[in-house]
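Chemist: Okay, so here is coords.cif, and as you'll see once you scroll down, it has mmCIF, C-alpha atoms.
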```
data_my_file
loop_
_atom_site.label_atom_id
_atom_site.label_comp_id
_atom_site.auth_asym_id
_atom_site.auth_seq_id
_atom_site.Cartn_x
_atom_site.Cartn_y
_atom_site.Cartn_z
CA MET A 1 0.00 0.00 0.00
CA THR A 2 1.28 3.44 -0.91
CA SER A 3 2.32 5.49 2.08
CA LYS A 4 1.23 9.05 2.71
CA ILE A 5 4.89 10.10 2.69
CA GLU A 6 5.32 8.82 -0.86
CA ILE A 7 2.20 10.64 -1.98
CA MET A 8 3.29 13.89 -0.35
CA ASN A 9 6.75 13.62 -1.89
CA SER A 10 5.16 13.21 -5.30
CA PHE A 11 2.90 16.16 -4.56
CA ASP A 12 5.90 18.32 -3.63
CA ARG A 13 7.62 17.41 -6.89
CA PHE A 14 4.48 18.26 -8.81
CA LEU A 15 4.18 21.65 -7.08
CA ALA A 16 7.85 22.39 -7.82
CA ILE A 17 7.30 21.63 -11.50
CA GLN A 18 4.16 23.74 -11.54
CA SER A 19 6.00 26.67 -9.94
CA ARG A 20 8.85 26.30 -12.42
CA LYS A 21 6.37 26.17 -15.26
CA VAL A 22 4.85 29.48 -14.16
CA ASP A 23 8.31 31.10 -14.02
CA VAL A 24 9.19 29.81 -17.48
CA GLN A 25 5.85 30.93 -18.85
CA LYS A 26 6.40 34.42 -17.49
CA ALA A 27 10.00 34.69 -18.67
CA TYR A 28 9.91 33.01 -22.07
CA PHE A 29 6.31 33.24 -23.28
CA SER A 30 5.31 36.64 -21.88
CA SER A 31 4.42 38.15 -25.25
CA PRO A 32 3.87 37.06 -28.85
CA LYS A 33 7.34 38.36 -29.76
CA MET A 34 8.99 36.47 -26.91
CA THR A 35 7.10 33.32 -27.88
CA VAL A 36 8.37 33.61 -31.45
CA LEU A 37 11.94 33.98 -30.20
CA THR A 38 11.64 31.10 -27.73
CA ASN A 39 10.20 28.80 -30.37
CA SER A 40 13.07 29.69 -32.69
CA ILE A 41 15.69 28.94 -30.02
CA SER A 42 14.50 25.71 -28.43
CA ALA A 43 12.75 22.71 -29.92
CA ALA A 44 11.40 22.03 -26.44
CA ALA A 45 9.23 25.15 -26.67
CA ALA A 46 7.01 23.61 -29.34
CA SER A 47 5.69 20.91 -26.99
CA PHE A 48 5.74 23.04 -23.84
CA GLU A 49 2.03 23.80 -23.61
CA SER A 50 0.82 20.44 -24.91
CA THR A 51 3.00 18.50 -22.47
CA TRP A 52 1.80 20.61 -19.56
CA THR A 53 -1.85 20.34 -20.62
CA ASP A 54 -1.53 16.58 -20.94
CA LEU A 55 -0.09 16.39 -17.43
CA ILE A 56 -2.48 18.74 -15.67
CA CYS A 57 -5.53 17.05 -17.20
CA ALA A 58 -4.37 13.66 -15.95
CA VAL A 59 -3.89 14.80 -12.33
CA ASN A 60 -7.23 14.94 -10.55
CA ASN A 61 -6.28 13.94 -7.00
CA LEU A 62 -3.25 13.25 -4.83
CA GLN A 63 -3.43 9.53 -5.43
CA SER A 64 -3.08 10.07 -9.16
CA LEU A 65 0.38 11.61 -8.66
CA ILE A 66 1.83 8.15 -8.11
CA ASN A 67 -0.13 6.54 -10.91
CA PRO A 68 2.29 4.60 -13.17
CA VAL A 69 0.78 6.37 -16.16
CA ILE A 70 1.17 9.89 -14.73
CA VAL A 71 4.64 9.59 -13.19
CA PRO A 72 6.33 9.49 -16.64
CA LYS A 73 4.35 12.58 -17.63
CA ILE A 74 5.71 14.42 -14.59
CA GLU A 75 9.25 13.38 -15.46
CA ALA A 76 8.74 14.39 -19.09
CA MET A 77 7.60 17.86 -18.03
CA LYS A 78 10.57 18.16 -15.70
CA LYS A 79 13.00 17.28 -18.50
CA LEU A 80 11.23 19.64 -20.88
CA LEU A 81 11.58 22.57 -18.48
CA PHE A 82 15.25 21.77 -17.94
CA GLN A 83 15.93 21.54 -21.68
CA LEU A 84 14.11 24.78 -22.38
CA LYS A 85 16.04 26.64 -19.68
CA THR A 86 19.34 25.16 -20.89
CA ASP A 87 18.71 26.15 -24.51
CA LEU A 88 17.81 29.72 -23.59
CA ASP A 89 20.76 30.06 -21.20
CA ASN A 90 23.08 28.90 -23.98
CA PHE A 91 21.49 31.42 -26.34
CA VAL A 92 22.01 34.29 -23.89
CA GLU A 93 25.62 33.26 -23.24
CA GLU A 94 26.33 33.06 -26.96
CA LYS A 95 24.96 36.56 -27.53
CA ARG A 96 26.94 37.99 -24.62
CA VAL A 97 30.15 36.56 -26.02
CA ALA A 98 29.32 38.20 -29.36
CA ILE A 99 28.22 41.49 -27.74
CA PRO A 100 30.06 41.97 -24.40
CA ARG A 101 27.89 44.95 -23.44
CA LEU A 102 25.03 42.50 -22.90
CA PHE A 103 26.76 41.41 -19.69
CA PHE A 104 25.42 44.68 -18.25
CA VAL A 105 21.79 43.54 -18.48
CA ALA A 106 19.77 40.65 -17.07
CA ASP A 107 19.04 37.44 -18.99
CA GLU A 108 15.41 38.44 -19.46
CA GLU A 109 16.45 41.76 -21.00
CA VAL A 110 18.81 40.06 -23.43
CA LEU A 111 15.96 37.82 -24.56
CA GLU A 112 13.59 40.78 -24.72
CA LEU A 113 16.05 42.71 -26.89
CA PHE A 114 16.31 39.87 -29.39
CA ALA A 115 12.56 39.28 -29.25
CA ILE A 116 11.77 42.92 -30.05
CA CYS A 117 14.39 42.97 -32.79
CA HIS A 118 13.43 39.63 -34.28
CA PRO A 119 13.36 40.01 -38.10
CA CYS A 120 9.67 39.13 -38.27
CA CYS A 121 8.70 41.67 -35.62
CA THR A 122 10.98 44.68 -36.08
CA SER A 123 9.38 48.03 -36.89
CA GLY A 124 9.92 51.64 -35.94
CA ASP A 125 7.16 51.48 -33.33
CA ASN A 126 8.48 48.28 -31.78
CA PHE A 127 12.00 49.67 -31.62
CA ASP A 128 10.90 52.23 -29.03
CA LEU A 129 10.65 49.31 -26.60
CA VAL A 130 14.42 48.85 -26.84
CA ALA A 131 15.16 52.25 -25.23
CA PRO A 132 15.16 51.03 -21.59
CA ILE A 133 17.68 48.33 -22.52
CA LEU A 134 19.92 50.67 -24.53
CA GLU A 135 20.05 52.98 -21.53
CA LYS A 136 21.79 50.21 -19.59
CA LEU A 137 24.16 49.32 -22.42
CA TYR A 138 25.55 52.84 -22.87
CA GLU A 139 26.14 54.84 -19.72
CA GLY A 140 25.87 58.26 -21.33
CA VAL A 141 23.01 57.45 -23.70
CA LYS A 142 19.45 57.78 -22.46
CA SER A 143 17.81 56.81 -25.74
CA VAL A 144 18.18 57.02 -29.49
CA GLU A 145 16.20 58.79 -32.17
CA HIS A 146 15.15 56.84 -35.23
CA ASP A 147 12.91 56.77 -38.26
CA ASP A 148 11.28 53.67 -39.71
CA ASP A 149 14.59 52.13 -40.74
CA PHE A 150 17.58 53.86 -39.17
CA ILE A 151 18.93 55.03 -35.83
CA THR A 152 19.71 58.67 -36.58
CA ALA A 153 20.76 60.28 -33.29
CA MET A 154 21.74 59.56 -29.70
CA ILE A 155 20.21 61.45 -26.80
CA SER A 156 22.04 61.99 -23.51
CA ARG A 157 20.58 61.73 -20.02
CA LEU A 158 20.40 65.54 -19.96
CA GLY A 159 18.45 65.64 -23.21
CA GLU A 160 21.24 66.71 -25.56
CA LYS A 161 20.78 65.24 -29.04
CA VAL A 162 23.74 64.42 -31.27
CA LEU A 163 23.10 63.34 -34.85
CA LEU A 164 24.99 60.21 -35.84
CA ALA A 165 27.58 60.67 -38.56
CA ARG A 166 26.56 57.25 -39.87
CA PRO A 167 22.88 56.34 -39.40
CA VAL A 168 22.47 52.66 -38.50
CA SER A 169 19.79 50.32 -39.80
CA PHE A 170 18.14 48.38 -36.99
CA LYS A 171 16.15 45.97 -39.16
CA THR A 172 18.74 43.26 -38.68
CA SER A 173 19.89 41.15 -35.76
CA PRO A 174 21.20 43.05 -32.69
CA GLU A 175 24.45 41.18 -33.29
CA ASP A 176 24.76 43.28 -36.42
CA TRP A 177 23.36 46.70 -35.54
CA LEU A 178 24.52 46.99 -31.92
CA PRO A 179 28.26 46.88 -32.78
CA ARG A 180 27.65 49.16 -35.77
CA SER A 181 25.73 51.65 -33.65
CA GLU A 182 28.54 51.70 -31.09
CA GLU A 183 31.09 52.29 -33.85
CA SER A 184 28.91 55.06 -35.28
CA MET A 185 28.74 56.70 -31.84
CA LYS A 186 32.53 56.64 -31.56
CA VAL A 187 33.01 58.09 -35.04
CA THR A 188 30.42 60.78 -34.31
CA VAL A 189 32.16 61.83 -31.10
CA GLU A 190 35.56 61.82 -32.80
CA LEU A 191 34.33 63.99 -35.67
CA SER A 192 32.53 66.38 -33.32
CA ILE A 193 35.72 66.86 -31.29
CA GLN A 194 37.70 67.47 -34.48
CA LYS A 195 35.15 70.05 -35.65
CA ALA A 196 35.16 71.79 -32.28
CA TYR A 197 38.97 71.95 -32.28
CA GLU A 198 39.13 73.36 -35.81
CA THR A 199 36.55 76.07 -35.08
CA PHE A 200 37.88 77.05 -31.65
CA ASP A 201 39.72 80.15 -32.88
CA LYS A 202 37.04 81.15 -35.38
CA PHE A 203 34.57 82.33 -32.75
CA GLU A 204 35.12 85.59 -30.92
CA ASN A 205 32.30 84.73 -28.55
CA ARG A 206 33.27 81.57 -26.68
CA VAL A 207 29.68 80.93 -25.56
CA GLU A 208 28.57 80.81 -29.19
CA TRP A 209 31.32 78.32 -29.93
CA ILE A 210 30.15 76.10 -27.07
CA LYS A 211 26.57 76.26 -28.33
CA SER A 212 27.67 75.20 -31.80
CA ASN A 213 29.21 71.96 -30.50
CA SER A 214 28.19 69.05 -28.34
CA ALA A 215 28.94 69.36 -24.63
CA GLN A 216 31.46 66.51 -24.66
CA ALA A 217 33.33 67.95 -27.65
CA SER A 218 33.43 71.41 -26.06
CA ILE A 219 34.80 70.09 -22.77
CA VAL A 220 37.46 67.94 -24.45
CA VAL A 221 38.65 70.73 -26.76
CA ILE A 222 38.78 73.27 -23.93
CA GLN A 223 40.99 70.86 -21.99
CA ILE A 224 43.21 70.32 -25.05
CA LYS A 225 43.54 74.05 -25.66
CA HIS A 226 44.30 74.67 -22.00
CA ALA A 227 47.04 72.03 -22.09
CA GLU A 228 48.50 73.59 -25.24
CA MET A 229 48.56 77.05 -23.66
CA VAL A 230 50.25 75.67 -20.56
CA ASP A 231 52.88 73.95 -22.71
CA GLU A 232 53.49 77.16 -24.64
CA ALA A 233 53.82 79.16 -21.43
CA ILE A 234 56.27 76.67 -19.95
CA ALA A 235 58.29 76.57 -23.17
CA SER A 236 58.38 80.37 -23.30
CA GLN A 237 59.64 80.61 -19.73
CA ILE A 238 62.31 78.00 -20.42
CA ASP A 239 63.51 79.93 -23.48
CA GLU A 240 63.63 83.17 -21.50
CA GLY A 241 65.56 81.42 -18.75
CA ILE A 242 68.16 80.11 -21.22
CA VAL A 243 68.67 83.61 -22.66
CA LYS A 244 69.11 85.09 -19.20
CA LYS A 245 71.62 82.44 -18.20
CA SER A 246 73.50 82.92 -21.47
CA ASN A 247 73.69 86.68 -21.00
CA ARG A 248 74.82 86.28 -17.40
CA ALA A 249 77.55 83.83 -18.44
CA ARG A 250 78.72 86.13 -21.22
CA SER A 251 78.84 89.07 -18.82
CA MET A 252 80.87 87.09 -16.29
CA TYR A 253 83.24 85.90 -19.04
CA ASN A 254 83.81 89.42 -20.33
CA SER A 255 84.36 90.68 -16.80
CA GLU A 256 87.03 88.03 -16.31
CA LEU A 257 88.78 89.17 -19.49
CA ASP A 258 88.77 92.76 -18.29
CA HIS A 259 90.56 91.74 -15.11
CA ASN A 260 92.95 89.37 -16.91
CA PRO A 261 93.96 90.94 -20.24
CA GLY A 262 96.27 88.03 -21.10
CA SER A 263 93.56 85.42 -21.02
CA GLN A 264 91.56 84.00 -23.97
CA PRO A 265 90.27 86.70 -26.38
CA ARG A 266 86.58 87.55 -26.39
CA SER A 267 86.10 86.35 -29.95
CA SER A 268 86.72 82.78 -28.84
CA LEU A 269 83.70 82.77 -26.53
CA PRO A 270 81.44 79.88 -27.54
CA ASN A 271 78.53 81.08 -29.67
CA ASP A 272 76.00 79.09 -27.67
CA LEU A 273 76.61 81.15 -24.53
#
```
Represent the structure from my file as structure tokens, please.
Modeler:
Amino acid sequence: MTSKIEIMNSFDRFLAIQSRKVDVQKAYFSSPKMTVLTNSISAAAASFESTWTDLICAVNNLQSLINPVIVPKIEAMKKLLFQLKTDLDNFVEEKRVAIPRLFFVADEEVLELFAICHPCCTSGDNFDLVAPILEKLYEGVKSVEHDDDFITAMISRLGEKVLLARPVSFKTSPEDWLPRSEESMKVTVELSIQKAYETFDKFENRVEWIKSNSAQASIVVIQIKHAEMVDEAIASQIDEGIVKKSNRARSMYNSELDHNPGSQPRSSLPNDL
């Protein structure tokens, strides 16, 4: 005769599987886009609902949990959940290796990013959903501006908008457009700093010059110009010091000749003194 302990142990296992099923449902099947992604990643996803439905319909009381027909169904659901989790974990790890910045966000956000940007789902409206994730990927970027096909500008946390030198199409996999968007950001900043440096002396009003450039470019160029002016000042003082020392040495040399007429003639004084 089956003991109550055996029945309760089976019940605990069933509850654990049910709890895990709810977590998986919430994480991997939370939206149509996420469901599409999950189905494309793991073969286990295709039979997820049917396996669970088959199990839950067969369990109608505690005694049924140890039924020889139902026990294999419980084990099958357990293996299915494990396989699904393993496949999705491997997917996330693979994407993080390809895009190291994804280590900054949670597993669910990595999956959400790829779900939103799935080729069958990507549109300008959907791309707005990526903004909260991008904010975590790039410390200084609050969001991006885009049209129906391209990312056209980056917007800072303070609201400053900088147009990208190279607009980036987002209707591809994040593995493609994320690295290209980062490269475009770098090129944009580099070019903006170059422009700010080249126009520094063309503005009489420094405030107007600052307004004509991005904040980061203005700050960097001001620091560069300050360093250059310091270098020039130091070099100027060094040159003046050398001249003074040279004149003092020449004066002392000539004074020595005046007191010792038989010594070396003045014309033989080294030219570098």
Chemist: Go through A:Val36, A:Ile151, A:Met77, A:Ala196 and flag the residue nearest Ile210 (chain A), using all atoms listed in the file for the distances.
Modeler: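 The shortest atom-to-atom distance to Ile210 (chain A) comes from A:Ala196.
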Chemist: Excluding region 50-56 of chain A and its own-chain neighbours fewer than 3 positions away, which residues fall within 7 Å of it when counting only C-alpha atoms? Please give them as JSON, numbers by chain.
Modeler: {"A": [47, 59, 73, 74, 77]}
Chemist: Find the residues near Leu164 (chain A): any atom within 9 Å, counting all atoms listed in the file, skip ones fewer than 5 places away on the same chain, and give them as a PyMOL selection string.
Modeler: chain A and resi 151-154+181+184-185+187-189
Chemist: Report the residues retrieved by the PyMOL selection byres ((chain A and resi 128) around 12) from the displayed file, expressed as a PyMOL selection string.
Modeler: chain A and resi 113+116-117+122-127+129-135+143-148+151+170
Chemist: If we count all atoms listed in the file, what is near Lys195 (chain A) at a cut-off of 10 Å, once residues fewer than 2 positions away on the same chain are taken out, given as an MDAnalysis selection string?
Modeler: chainID A and resid 189:193 197:200 212:213 217:218 221
Chemist: Write out, as a PDB file, in the frame of the given file, the residues just selected, with C-alpha atoms.
Modeler:
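Written output follows (out.pdb):
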```pdb
ATOM      1  CA  VAL A 189      32.160  61.830 -31.100  1.00  0.00           C
ATOM      2  CA  GLU A 190      35.560  61.820 -32.800  1.00  0.00           C
ATOM      3  CA  LEU A 191      34.330  63.990 -35.670  1.00  0.00           C
ATOM      4  CA  SER A 192      32.530  66.380 -33.320  1.00  0.00           C
ATOM      5  CA  ILE A 193      35.720  66.860 -31.290  1.00  0.00           C
ATOM      6  CA  TYR A 197      38.970  71.950 -32.280  1.00  0.00           C
ATOM      7  CA  GLU A 198      39.130  73.360 -35.810  1.00  0.00           C
ATOM      8  CA  THR A 199      36.550  76.070 -35.080  1.00  0.00           C
ATOM      9  CA  PHE A 200      37.880  77.050 -31.650  1.00  0.00           C
ATOM     10  CA  SER A 212      27.670  75.200 -31.800  1.00  0.00           C
ATOM     11  CA  ASN A 213      29.210  71.960 -30.500  1.00  0.00           C
ATOM     12  CA  ALA A 217      33.330  67.950 -27.650  1.00  0.00           C
ATOM     13  CA  SER A 218      33.430  71.410 -26.060  1.00  0.00           C
ATOM     14  CA  VAL A 221      38.650  70.730 -26.760  1.00  0.00           C
TER      15      VAL A 221
END
```
